[in-house]
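Right, one structure below, let's go through it.
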Amino acid sequence: MKTILLPVSATDPAAQTIVAAVAQISAGQLVAMPTETVYGLAADAHNPEAVARIFAAKGRPTTDPLIVHIADQTQLATVAIDIPALFFLLAAAFWPGPLTILLPRHPDLSTTITAGFDTVAVRMPAHPVALALIRACGTPLVAPSANLFSHPSPTTAQHVMHDLTGRIAMVLDAGACRIGVESTIVDITRTPAVILRQGDVSAEQLSTVLGDVIVQQRTLATNQAAPAPGMLLKHYAPRTPLTLLRGPVAAIQHAVVRMQQTENIIWLCYADDAVCAARAGIATIMLGARDDGVQVARQLFAALRQADAAGAARIVVAEPTGAGVAAAVRDRLFRAAEGVFTQVE
Ligand code: AMP
Ligand code: MG
């Protein structure tokens with residue numbers, strides 16, 4: 001299959017581009033679409049063959065459920081039932097936006113989508129292209145991240161092409177994603193609500209609506225049944241071994257300089273590391289200011305891909321500081337490091 005790469009305006013998508021993408025979705029094919037978080041691989045949620053194609057194209061295990069994307073709340077009618085009152089408060093506060101909400105699954109919705117669970121994950125993305133496509137298709141779209149399973153999520157159309165060219169029908173290229181890490185996932189079918197994955201909508205923001213909310217701890221096993229398969233460690237791992245450092249800046253810089261003496265490393269560094277790196281002759285990829293979670297989140301997955309391509313023996317990175325989306329970045333780095341960090345003093 002030849003993958004069609006179509007440029008599209010991120011703010012004002014041309015009707016003819018959306019029509020071309022709708023034709024693919026209606027034919028049961030897969031279209032990678034930009035969202036504000038990462039690129040998603042979209043298929044008609046009500047077409048079982050199309051849903052099966054998603055798992056095949058990504059090499060994704062069928063135990064890993066898909067998020068259903070909608071453009072307006074009337075589309076929930078064929079997706080979820082018994083919608084709790086809290087849902088409407090969350091939707092009013094955070095939709096369209098980077099928040100995925102677990103709801104009781106509609107009995108007619110394929111359990112292939114939900115990996116056999118009785119809950120379904122639903123999101124309304126805040127991206128004009130994604131919204132235009134879902135609306136024009138007139139059906140909810142399942143859309144996991146448009147990467148090969150276990151690769152870092154794609155934040156540009158080029159990342160999607162790198163992983164999936166020849167395996168999917170079309171990629172809509174609207175440039176880099178604004179947020180850069182996947183949506184926050186919250187389960188409101190339990191009391192108190194549980195955050196299954198951290199993202200741009202923070203626990204603090206959710207608690208303003210939900211009151212009590214728990215952040216679910218990550219699991220270490222890669223083969224055990226978990227409530228959220230995305231919680232498994234190693235999910236975001238680059239191929240190159242990654243060392244995650246925690247500690248004061250000076251101690252981190254000292255540790256990296258010492259690592260450089262015995263190993264060919266690449267350093268995903270912050271602005272205040274640049275002088276140290278240059279002096280020691282260490283290869284770097286710049287993530288931005290250490291305390292600027294928004295900027296670091298935008299760079300993270302592109303930086304991991306670039307670091308993998310650089311051919312170093314080891315990637316070294318320290319945690320960013322700060323609140324908000326920085327917490328999601330720390331979570332992804334922890335997983336990329338397979339749940340191991342090195343404390344330096
Ligand atoms: P992706 O769209 O590739 O970022 O992955 C979607 C993630 O959403 C999965 O890996 C799960 O962690 C989560 N998810 C989707 N549906 C459910 C569900 N019904 N219950 C729990 N987690 C879910
Ligand atoms: Mg994914």
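Every chain in the structure tokens takes a letter, A first, then B, and so on in the order presented; its residues are numbered from 1, and the ligands are numbered from 1 following the presented order.
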All helix (DSSP H, G or I) residues (DSSP, backbone) inside region 39-205 of chain A, as a compact mmCIF listing (two decimals) with N, CA, C and O atoms, in the first residue's frame:
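What follows is the written file out-v6.txt:
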```
# COMPACT_ATOMS: atom_id res chain seq x y z
N PRO A 48 -15.78 -3.19 12.22
CA PRO A 48 -14.87 -4.14 12.88
C PRO A 48 -13.59 -4.42 12.09
O PRO A 48 -12.52 -4.61 12.68
N GLU A 49 -13.70 -4.47 10.74
CA GLU A 49 -12.49 -4.73 9.95
C GLU A 49 -11.50 -3.58 10.07
O GLU A 49 -10.28 -3.80 10.14
N ALA A 50 -12.03 -2.36 10.08
CA ALA A 50 -11.15 -1.19 10.22
C ALA A 50 -10.47 -1.20 11.58
O ALA A 50 -9.27 -0.90 11.70
N VAL A 51 -11.23 -1.56 12.62
CA VAL A 51 -10.67 -1.61 13.97
C VAL A 51 -9.56 -2.66 14.03
O VAL A 51 -8.47 -2.42 14.59
N ALA A 52 -9.80 -3.80 13.41
CA ALA A 52 -8.78 -4.86 13.38
C ALA A 52 -7.52 -4.38 12.66
O ALA A 52 -6.40 -4.73 13.06
N ARG A 53 -7.70 -3.59 11.60
CA ARG A 53 -6.55 -3.07 10.85
C ARG A 53 -5.64 -2.20 11.72
O ARG A 53 -4.43 -2.16 11.51
N ILE A 54 -6.22 -1.49 12.68
CA ILE A 54 -5.42 -0.64 13.58
C ILE A 54 -4.39 -1.49 14.32
O ILE A 54 -3.21 -1.15 14.39
N PHE A 55 -4.88 -2.58 14.92
CA PHE A 55 -3.98 -3.44 15.71
C PHE A 55 -2.89 -4.02 14.81
O PHE A 55 -1.72 -4.10 15.19
N ALA A 56 -3.30 -4.42 13.58
CA ALA A 56 -2.33 -5.02 12.65
C ALA A 56 -1.28 -3.99 12.22
O ALA A 56 -0.08 -4.27 12.24
N ALA A 57 -1.73 -2.78 11.86
CA ALA A 57 -0.80 -1.76 11.34
C ALA A 57 0.22 -1.35 12.40
O ALA A 57 1.38 -1.11 12.10
N LYS A 58 -0.22 -1.25 13.65
CA LYS A 58 0.66 -0.80 14.73
C LYS A 58 1.47 -1.93 15.34
O LYS A 58 2.41 -1.68 16.10
N GLN A 73 -21.11 15.71 21.70
CA GLN A 73 -21.55 14.73 22.71
C GLN A 73 -22.69 13.84 22.22
O GLN A 73 -22.90 12.77 22.79
N THR A 74 -23.40 14.23 21.14
CA THR A 74 -24.45 13.34 20.64
C THR A 74 -23.85 12.03 20.12
O THR A 74 -24.52 10.99 20.10
N GLN A 75 -22.56 12.05 19.74
CA GLN A 75 -21.91 10.83 19.24
C GLN A 75 -21.67 9.79 20.33
O GLN A 75 -21.28 8.67 20.04
N LEU A 76 -21.90 10.19 21.59
CA LEU A 76 -21.75 9.23 22.69
C LEU A 76 -22.86 8.17 22.68
O LEU A 76 -22.70 7.10 23.27
N ALA A 77 -23.95 8.48 21.98
CA ALA A 77 -25.14 7.62 22.03
C ALA A 77 -24.84 6.18 21.65
O ALA A 77 -25.44 5.26 22.20
N THR A 78 -23.91 5.96 20.72
CA THR A 78 -23.61 4.59 20.28
C THR A 78 -22.33 4.05 20.93
O THR A 78 -21.84 2.99 20.54
N ALA A 85 -23.12 11.80 36.17
CA ALA A 85 -23.25 13.26 36.15
C ALA A 85 -21.88 13.95 36.10
O ALA A 85 -21.72 14.99 35.45
N LEU A 86 -20.90 13.34 36.77
CA LEU A 86 -19.55 13.94 36.78
C LEU A 86 -18.99 14.13 35.38
O LEU A 86 -18.22 15.06 35.11
N PHE A 87 -19.38 13.22 34.48
CA PHE A 87 -18.88 13.32 33.11
C PHE A 87 -19.18 14.69 32.52
O PHE A 87 -18.31 15.30 31.88
N PHE A 88 -20.42 15.17 32.72
CA PHE A 88 -20.83 16.41 32.07
C PHE A 88 -20.07 17.61 32.64
O PHE A 88 -19.76 18.56 31.93
N LEU A 89 -19.73 17.52 33.93
CA LEU A 89 -18.91 18.58 34.53
C LEU A 89 -17.51 18.58 33.95
O LEU A 89 -16.95 19.63 33.62
N LEU A 90 -16.94 17.37 33.80
CA LEU A 90 -15.59 17.26 33.22
C LEU A 90 -15.58 17.74 31.78
O LEU A 90 -14.67 18.48 31.35
N ALA A 91 -16.58 17.31 31.01
CA ALA A 91 -16.64 17.68 29.60
C ALA A 91 -16.78 19.20 29.47
O ALA A 91 -16.13 19.83 28.62
N ALA A 92 -17.59 19.80 30.33
CA ALA A 92 -17.77 21.26 30.27
C ALA A 92 -16.47 21.97 30.59
O ALA A 92 -16.15 23.02 30.00
N ALA A 93 -15.69 21.40 31.50
CA ALA A 93 -14.44 22.08 31.92
C ALA A 93 -13.29 21.83 30.95
O ALA A 93 -12.46 22.72 30.74
N PHE A 94 -13.20 20.63 30.36
CA PHE A 94 -11.95 20.25 29.68
C PHE A 94 -12.10 19.84 28.21
O PHE A 94 -11.12 19.55 27.55
N PRO A 128 -8.64 21.47 15.11
CA PRO A 128 -9.60 21.70 14.02
C PRO A 128 -9.61 20.59 12.97
O PRO A 128 -10.68 20.26 12.44
N VAL A 129 -8.44 19.98 12.68
CA VAL A 129 -8.40 18.94 11.66
C VAL A 129 -9.09 17.67 12.16
O VAL A 129 -9.92 17.08 11.47
N ALA A 130 -8.76 17.27 13.39
CA ALA A 130 -9.38 16.06 13.96
C ALA A 130 -10.89 16.25 14.07
O ALA A 130 -11.67 15.37 13.69
N LEU A 131 -11.30 17.40 14.57
CA LEU A 131 -12.75 17.65 14.74
C LEU A 131 -13.46 17.67 13.38
O LEU A 131 -14.54 17.09 13.24
N ALA A 132 -12.84 18.30 12.38
CA ALA A 132 -13.46 18.35 11.05
C ALA A 132 -13.59 16.95 10.47
O ALA A 132 -14.62 16.61 9.87
N LEU A 133 -12.56 16.12 10.66
CA LEU A 133 -12.59 14.77 10.12
C LEU A 133 -13.67 13.92 10.80
O LEU A 133 -14.46 13.25 10.13
N ILE A 134 -13.71 13.96 12.13
CA ILE A 134 -14.70 13.15 12.85
C ILE A 134 -16.12 13.59 12.46
O ILE A 134 -16.99 12.75 12.18
N ARG A 135 -16.31 14.91 12.42
CA ARG A 135 -17.63 15.44 12.08
C ARG A 135 -18.05 14.99 10.68
O ARG A 135 -19.17 14.52 10.47
N ALA A 136 -17.13 15.11 9.73
CA ALA A 136 -17.45 14.78 8.34
C ALA A 136 -17.67 13.28 8.16
O ALA A 136 -18.45 12.86 7.31
N CYS A 137 -17.01 12.47 8.96
CA CYS A 137 -17.21 11.02 8.87
C CYS A 137 -18.59 10.65 9.43
O CYS A 137 -19.17 9.62 9.07
N ALA A 157 4.03 14.52 11.39
CA ALA A 157 3.65 13.59 10.32
C ALA A 157 4.85 12.76 9.87
O ALA A 157 4.69 11.60 9.46
N GLN A 158 6.05 13.34 9.98
CA GLN A 158 7.25 12.60 9.59
C GLN A 158 7.49 11.42 10.52
O GLN A 158 7.93 10.35 10.08
N HIS A 159 7.20 11.60 11.82
CA HIS A 159 7.29 10.46 12.76
C HIS A 159 6.33 9.35 12.33
O HIS A 159 6.68 8.17 12.39
N VAL A 160 5.12 9.73 11.92
CA VAL A 160 4.13 8.74 11.50
C VAL A 160 4.64 8.00 10.26
O VAL A 160 4.60 6.76 10.20
N MET A 161 5.15 8.76 9.29
CA MET A 161 5.65 8.15 8.05
C MET A 161 6.80 7.19 8.36
O MET A 161 6.90 6.11 7.78
N HIS A 162 7.67 7.59 9.27
CA HIS A 162 8.81 6.75 9.64
C HIS A 162 8.33 5.38 10.13
O HIS A 162 8.88 4.34 9.76
N ASP A 163 7.27 5.38 10.96
CA ASP A 163 6.81 4.11 11.55
C ASP A 163 5.85 3.35 10.64
O ASP A 163 5.87 2.12 10.62
N LEU A 164 4.98 4.06 9.92
CA LEU A 164 3.80 3.38 9.34
C LEU A 164 3.68 3.50 7.82
O LEU A 164 2.69 3.03 7.25
N ALA A 203 -3.59 16.57 37.74
CA ALA A 203 -4.38 16.06 38.87
C ALA A 203 -5.01 17.22 39.62
O ALA A 203 -6.17 17.12 40.06
N GLU A 204 -4.27 18.32 39.78
CA GLU A 204 -4.80 19.49 40.51
C GLU A 204 -6.02 20.05 39.77
O GLU A 204 -7.05 20.36 40.38
N GLN A 205 -5.93 20.17 38.45
CA GLN A 205 -7.06 20.67 37.66
C GLN A 205 -8.26 19.75 37.79
O GLN A 205 -9.40 20.20 37.95
```
(request) For Arg298 (chain A), work out the shell of residues within 6 Å, counting only C-alpha atoms and skipping chain neighbours fewer than 3 positions away, then give it as a list in words. (result)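 In the requested form, the answer reads Ile179, Gly180 and Gln295 of chain A.
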(request) Between CA of Leu172 (chain A) and CA of Val38 (chain A), measure the distance and give it in Å to one decimal. (result) 12.5 Å
(request) Could you tell me which of A:Thr63, A:Ser153, A:Asn147, A:Gln260 comes closest to Arg167 (chain A) if we count only C-alpha atoms? (result) A:Asn147
(request) To one decimal in Å, tell me the separation between CA of Asp272 (chain A) and CA of Arg290 (chain A). (result)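 Value for the CA of Asp272 (chain A)-CA of Arg290 (chain A) distance: 7.6 Å.
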Quick check for you: according to DSSP on this backbone, which residues of region 33-220 of chain A are classed as strand (DSSP E)? Reply as a tab-separated table (two decimals) with all heavy atoms, in the first residue's frame.
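Output contents, as saved in states-v2.tsv:
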```tsv
chain	number	residue	atom	x	y	z
A	33	MET	N	-4.18	11.29	11.81
A	33	MET	CA	-4.66	12.67	11.90
A	33	MET	C	-3.95	13.40	13.04
A	33	MET	O	-3.62	12.81	14.07
A	33	MET	CB	-6.17	12.70	12.13
A	33	MET	CG	-6.60	12.08	13.45
A	33	MET	SD	-8.40	12.28	13.75
A	33	MET	CE	-8.56	11.49	15.36
A	40	GLY	N	-2.87	10.75	15.88
A	40	GLY	CA	-3.67	9.56	16.11
A	40	GLY	C	-3.88	8.79	14.82
A	40	GLY	O	-3.88	9.38	13.73
A	41	LEU	N	-4.04	7.46	14.93
A	41	LEU	CA	-4.32	6.62	13.76
A	41	LEU	C	-5.81	6.29	13.78
A	41	LEU	O	-6.27	5.48	14.57
A	41	LEU	CB	-3.48	5.35	13.81
A	41	LEU	CG	-3.61	4.43	12.60
A	41	LEU	CD1	-3.18	5.15	11.32
A	41	LEU	CD2	-2.79	3.16	12.80
A	42	ALA	N	-6.56	6.97	12.87
A	42	ALA	CA	-8.02	6.95	12.96
A	42	ALA	C	-8.65	5.88	12.09
A	42	ALA	O	-8.19	5.61	10.96
A	42	ALA	CB	-8.58	8.32	12.57
A	43	ALA	N	-9.72	5.27	12.64
A	43	ALA	CA	-10.55	4.31	11.89
A	43	ALA	C	-11.98	4.43	12.40
A	43	ALA	O	-12.21	4.88	13.53
A	43	ALA	CB	-10.03	2.89	12.10
A	44	ASP	N	-12.93	4.00	11.58
A	44	ASP	CA	-14.35	4.01	11.94
A	44	ASP	C	-14.59	3.04	13.11
A	44	ASP	O	-14.38	1.83	12.97
A	44	ASP	CB	-15.16	3.58	10.70
A	44	ASP	CG	-16.67	3.55	10.96
A	44	ASP	OD1	-17.09	3.69	12.13
A	44	ASP	OD2	-17.40	3.39	9.96
A	67	ILE	N	-8.80	4.44	22.29
A	67	ILE	CA	-9.61	5.58	22.69
A	67	ILE	C	-10.56	5.94	21.54
A	67	ILE	O	-10.15	6.01	20.38
A	67	ILE	CB	-8.71	6.78	23.06
A	67	ILE	CG1	-7.87	6.44	24.30
A	67	ILE	CG2	-9.55	8.04	23.30
A	67	ILE	CD1	-6.81	7.47	24.65
A	68	VAL	N	-11.84	6.17	21.88
A	68	VAL	CA	-12.84	6.58	20.90
A	68	VAL	C	-12.90	8.11	20.87
A	68	VAL	O	-13.04	8.74	21.92
A	68	VAL	CB	-14.23	6.00	21.25
A	68	VAL	CG1	-15.28	6.49	20.26
A	68	VAL	CG2	-14.17	4.47	21.27
A	69	HIS	N	-12.78	8.69	19.67
A	69	HIS	CA	-12.77	10.15	19.53
A	69	HIS	C	-14.09	10.62	18.94
A	69	HIS	O	-14.57	10.06	17.95
A	69	HIS	CB	-11.60	10.58	18.63
A	69	HIS	CG	-10.26	10.38	19.29
A	69	HIS	ND1	-9.75	9.13	19.55
A	69	HIS	CD2	-9.35	11.27	19.75
A	69	HIS	CE1	-8.57	9.26	20.15
A	69	HIS	NE2	-8.30	10.55	20.28
A	99	LEU	N	-8.14	15.41	27.57
A	99	LEU	CA	-8.64	14.58	28.67
A	99	LEU	C	-9.48	13.44	28.11
A	99	LEU	O	-10.46	13.67	27.39
A	99	LEU	CB	-9.51	15.41	29.63
A	99	LEU	CG	-10.09	14.59	30.79
A	99	LEU	CD1	-8.99	14.12	31.75
A	99	LEU	CD2	-11.15	15.39	31.55
A	100	THR	N	-9.06	12.20	28.43
A	100	THR	CA	-9.82	11.01	28.05
A	100	THR	C	-10.57	10.51	29.27
A	100	THR	O	-9.98	10.41	30.35
A	100	THR	CB	-8.85	9.93	27.51
A	100	THR	OG1	-8.23	10.43	26.34
A	100	THR	CG2	-9.58	8.64	27.19
A	101	ILE	N	-11.86	10.21	29.09
A	101	ILE	CA	-12.72	9.86	30.22
A	101	ILE	C	-13.25	8.43	30.02
A	101	ILE	O	-13.76	8.10	28.94
A	101	ILE	CB	-13.90	10.85	30.32
A	101	ILE	CG1	-13.36	12.31	30.41
A	101	ILE	CG2	-14.79	10.52	31.53
A	101	ILE	CD1	-14.46	13.38	30.33
A	102	LEU	N	-13.11	7.60	31.04
A	102	LEU	CA	-13.66	6.24	30.99
A	102	LEU	C	-15.14	6.26	31.36
A	102	LEU	O	-15.50	6.82	32.40
A	102	LEU	CB	-12.90	5.32	31.94
A	102	LEU	CG	-11.91	4.35	31.27
A	102	LEU	CD1	-10.86	5.13	30.50
A	102	LEU	CD2	-11.28	3.44	32.28
A	103	LEU	N	-15.95	5.61	30.52
A	103	LEU	CA	-17.39	5.53	30.74
A	103	LEU	C	-17.83	4.07	30.58
A	103	LEU	O	-17.11	3.27	29.98
A	103	LEU	CB	-18.13	6.38	29.69
A	103	LEU	CG	-17.90	7.90	29.77
A	103	LEU	CD1	-18.52	8.60	28.56
A	103	LEU	CD2	-18.50	8.44	31.07
A	104	PRO	N	-19.02	3.72	31.09
A	104	PRO	CA	-19.52	2.35	30.85
A	104	PRO	C	-19.74	2.13	29.35
A	104	PRO	O	-20.32	2.98	28.67
A	104	PRO	CB	-20.85	2.33	31.62
A	104	PRO	CG	-20.74	3.44	32.63
A	104	PRO	CD	-19.92	4.50	31.98
A	119	THR	N	-15.61	-0.87	30.22
A	119	THR	CA	-15.51	0.59	30.11
A	119	THR	C	-14.97	0.95	28.74
A	119	THR	O	-14.28	0.15	28.11
A	119	THR	CB	-14.56	1.14	31.18
A	119	THR	OG1	-13.32	0.42	31.09
A	119	THR	CG2	-15.14	1.03	32.57
A	120	VAL	N	-15.31	2.17	28.30
A	120	VAL	CA	-14.76	2.68	27.05
A	120	VAL	C	-14.12	4.04	27.33
A	120	VAL	O	-14.67	4.85	28.09
A	120	VAL	CB	-15.84	2.77	25.95
A	120	VAL	CG1	-17.02	3.63	26.37
A	120	VAL	CG2	-15.25	3.30	24.64
A	121	ALA	N	-12.96	4.27	26.72
A	121	ALA	CA	-12.24	5.54	26.89
A	121	ALA	C	-12.67	6.49	25.77
A	121	ALA	O	-12.63	6.11	24.59
A	121	ALA	CB	-10.74	5.28	26.83
A	122	VAL	N	-13.10	7.70	26.13
A	122	VAL	CA	-13.65	8.64	25.15
A	122	VAL	C	-12.95	10.00	25.27
A	122	VAL	O	-12.68	10.47	26.39
A	122	VAL	CB	-15.17	8.85	25.35
A	122	VAL	CG1	-15.75	9.65	24.20
A	122	VAL	CG2	-15.88	7.53	25.49
A	123	ARG	N	-12.71	10.63	24.11
A	123	ARG	CA	-12.10	11.96	24.13
A	123	ARG	C	-12.63	12.81	22.99
A	123	ARG	O	-12.93	12.30	21.91
A	123	ARG	CB	-10.58	11.82	23.99
A	123	ARG	CG	-9.83	13.14	24.01
A	123	ARG	CD	-8.36	12.91	24.24
A	123	ARG	NE	-7.54	13.05	23.05
A	123	ARG	CZ	-7.06	14.21	22.58
A	123	ARG	NH1	-7.35	15.35	23.18
A	123	ARG	NH2	-6.30	14.23	21.49
A	141	LEU	N	-14.50	7.93	15.83
A	141	LEU	CA	-13.29	7.31	15.29
A	141	LEU	C	-12.43	6.79	16.43
A	141	LEU	O	-12.17	7.52	17.39
A	141	LEU	CB	-12.47	8.34	14.49
A	141	LEU	CG	-13.17	8.99	13.29
A	141	LEU	CD1	-12.22	9.97	12.59
A	141	LEU	CD2	-13.67	7.95	12.30
A	142	VAL	N	-12.01	5.53	16.33
A	142	VAL	CA	-10.99	5.06	17.27
A	142	VAL	C	-9.65	5.58	16.77
A	142	VAL	O	-9.40	5.63	15.57
A	142	VAL	CB	-10.93	3.51	17.37
A	142	VAL	CG1	-12.07	3.00	18.20
A	142	VAL	CG2	-10.91	2.85	16.00
A	170	MET	N	-3.32	6.88	4.61
A	170	MET	CA	-3.13	8.33	4.48
A	170	MET	C	-2.62	8.95	5.77
A	170	MET	O	-2.94	8.48	6.87
A	170	MET	CB	-4.49	8.97	4.11
A	170	MET	CG	-4.46	10.46	3.86
A	170	MET	SD	-6.10	11.08	3.37
A	170	MET	CE	-6.11	10.62	1.64
A	171	VAL	N	-1.82	10.02	5.60
A	171	VAL	CA	-1.39	10.83	6.74
A	171	VAL	C	-1.75	12.28	6.45
A	171	VAL	O	-1.39	12.81	5.39
A	171	VAL	CB	0.14	10.72	6.97
A	171	VAL	CG1	0.57	11.58	8.16
A	171	VAL	CG2	0.56	9.26	7.18
A	172	LEU	N	-2.46	12.93	7.37
A	172	LEU	CA	-2.75	14.36	7.25
A	172	LEU	C	-1.67	15.12	8.01
A	172	LEU	O	-1.53	14.95	9.22
A	172	LEU	CB	-4.14	14.67	7.83
A	172	LEU	CG	-5.32	14.00	7.13
A	172	LEU	CD1	-6.63	14.34	7.83
A	172	LEU	CD2	-5.39	14.42	5.65
A	173	ASP	N	-0.92	15.94	7.29
A	173	ASP	CA	0.23	16.63	7.89
A	173	ASP	C	-0.13	18.08	8.21
A	173	ASP	O	-0.22	18.92	7.33
A	173	ASP	CB	1.41	16.59	6.91
A	173	ASP	CG	2.65	17.27	7.47
A	173	ASP	OD1	2.59	17.81	8.61
A	173	ASP	OD2	3.68	17.27	6.77
A	184	THR	N	-4.40	12.97	29.26
A	184	THR	CA	-4.68	12.48	30.61
A	184	THR	C	-5.85	11.49	30.50
A	184	THR	O	-6.81	11.76	29.77
A	184	THR	CB	-5.11	13.64	31.51
A	184	THR	OG1	-4.10	14.65	31.46
A	184	THR	CG2	-5.33	13.18	32.95
A	185	ILE	N	-5.76	10.35	31.19
A	185	ILE	CA	-6.89	9.41	31.21
A	185	ILE	C	-7.43	9.33	32.63
A	185	ILE	O	-6.67	9.05	33.57
A	185	ILE	CB	-6.49	8.00	30.74
A	185	ILE	CG1	-5.89	8.06	29.32
A	185	ILE	CG2	-7.69	7.06	30.77
A	185	ILE	CD1	-5.43	6.71	28.80
A	186	VAL	N	-8.74	9.57	32.79
A	186	VAL	CA	-9.34	9.48	34.12
A	186	VAL	C	-10.52	8.51	34.10
A	186	VAL	O	-11.33	8.51	33.18
A	186	VAL	CB	-9.77	10.88	34.63
A	186	VAL	CG1	-10.89	11.49	33.79
A	186	VAL	CG2	-10.18	10.83	36.10
A	187	ASP	N	-10.55	7.64	35.11
A	187	ASP	CA	-11.63	6.66	35.25
A	187	ASP	C	-12.63	7.19	36.27
A	187	ASP	O	-12.33	7.23	37.47
A	187	ASP	CB	-11.04	5.32	35.71
A	187	ASP	CG	-12.11	4.24	35.84
A	187	ASP	OD1	-13.31	4.54	35.63
A	187	ASP	OD2	-11.73	3.09	36.14
A	193	ALA	N	-12.37	8.97	41.72
A	193	ALA	CA	-11.88	8.80	40.35
A	193	ALA	C	-10.37	8.53	40.36
A	193	ALA	O	-9.66	8.94	41.28
A	193	ALA	CB	-12.17	10.07	39.56
A	194	VAL	N	-9.91	7.80	39.32
A	194	VAL	CA	-8.51	7.40	39.25
A	194	VAL	C	-7.89	7.93	37.96
A	194	VAL	O	-8.44	7.73	36.88
A	194	VAL	CB	-8.37	5.86	39.28
A	194	VAL	CG1	-6.90	5.46	39.27
A	194	VAL	CG2	-9.08	5.27	40.49
A	195	ILE	N	-6.75	8.59	38.08
A	195	ILE	CA	-6.00	9.02	36.89
A	195	ILE	C	-5.14	7.84	36.45
A	195	ILE	O	-4.23	7.42	37.15
A	195	ILE	CB	-5.13	10.25	37.19
A	195	ILE	CG1	-6.01	11.44	37.56
A	195	ILE	CG2	-4.23	10.59	36.00
A	195	ILE	CD1	-5.25	12.66	38.01
A	196	LEU	N	-5.45	7.30	35.27
A	196	LEU	CA	-4.73	6.12	34.77
A	196	LEU	C	-3.48	6.52	34.00
A	196	LEU	O	-2.54	5.74	33.88
A	196	LEU	CB	-5.63	5.29	33.86
A	196	LEU	CG	-6.91	4.76	34.50
A	196	LEU	CD1	-7.75	4.02	33.47
A	196	LEU	CD2	-6.57	3.84	35.66
A	197	ARG	N	-3.50	7.74	33.44
A	197	ARG	CA	-2.32	8.24	32.70
A	197	ARG	C	-2.29	9.75	32.90
A	197	ARG	O	-3.32	10.41	32.74
A	197	ARG	CB	-2.45	7.87	31.22
A	197	ARG	CG	-1.29	8.36	30.37
A	197	ARG	CD	-1.33	7.80	28.96
A	197	ARG	NE	-2.34	8.46	28.13
A	197	ARG	CZ	-2.66	8.08	26.89
A	197	ARG	NH1	-2.07	7.03	26.35
A	197	ARG	NH2	-3.59	8.74	26.21
A	213	VAL	N	-9.19	12.66	43.93
A	213	VAL	CA	-8.76	11.91	42.76
A	213	VAL	C	-7.41	11.27	43.07
A	213	VAL	O	-6.55	11.86	43.71
A	213	VAL	CB	-8.73	12.81	41.49
A	213	VAL	CG1	-8.02	14.11	41.73
A	213	VAL	CG2	-8.16	12.09	40.30
A	214	ILE	N	-7.28	10.01	42.64
A	214	ILE	CA	-6.09	9.22	42.93
A	214	ILE	C	-5.25	9.10	41.66
A	214	ILE	O	-5.81	8.91	40.58
A	214	ILE	CB	-6.49	7.79	43.39
A	214	ILE	CG1	-7.29	7.86	44.69
A	214	ILE	CG2	-5.28	6.89	43.52
A	214	ILE	CD1	-7.97	6.54	45.04
A	215	VAL	N	-3.94	9.21	41.77
A	215	VAL	CA	-3.06	8.92	40.62
A	215	VAL	C	-2.62	7.47	40.74
A	215	VAL	O	-1.97	7.08	41.71
A	215	VAL	CB	-1.83	9.84	40.58
A	215	VAL	CG1	-0.95	9.52	39.37
A	215	VAL	CG2	-2.26	11.31	40.54
```
Any chance you could tabulate, as CSV, the residues of chain A at most 8 Å from ligand 2 with each one's nearest atom pair and distance in Å to one decimal, using only C-alpha atoms and all ligand atoms, in chain and rising number order?
```
residue,atom,partner,partner_atom_place_in_ligand_line,distance
A:Pro144,CA,ligand 2,1 (Mg),5.6
A:Ser145,CA,ligand 2,1 (Mg),4.3
A:Ala146,CA,ligand 2,1 (Mg),7.3
A:Asn147,CA,ligand 2,1 (Mg),7.0
A:Phe149,CA,ligand 2,1 (Mg),7.0
A:Ser150,CA,ligand 2,1 (Mg),7.4
A:Pro152,CA,ligand 2,1 (Mg),7.8
A:Ser153,CA,ligand 2,1 (Mg),6.0
A:Glu182,CA,ligand 2,1 (Mg),7.6
A:Gly230,CA,ligand 2,1 (Mg),7.3
```
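Using only C-alpha atoms, the smallest distance between any of A:Thr35, A:Ala174, A:Pro192, A:Cys269 and Pro320 (chain A) comes from A:Cys269.
The space between CA of Gly324 (chain A) and CA of Val340 (chain A) spans 22.4 Å.
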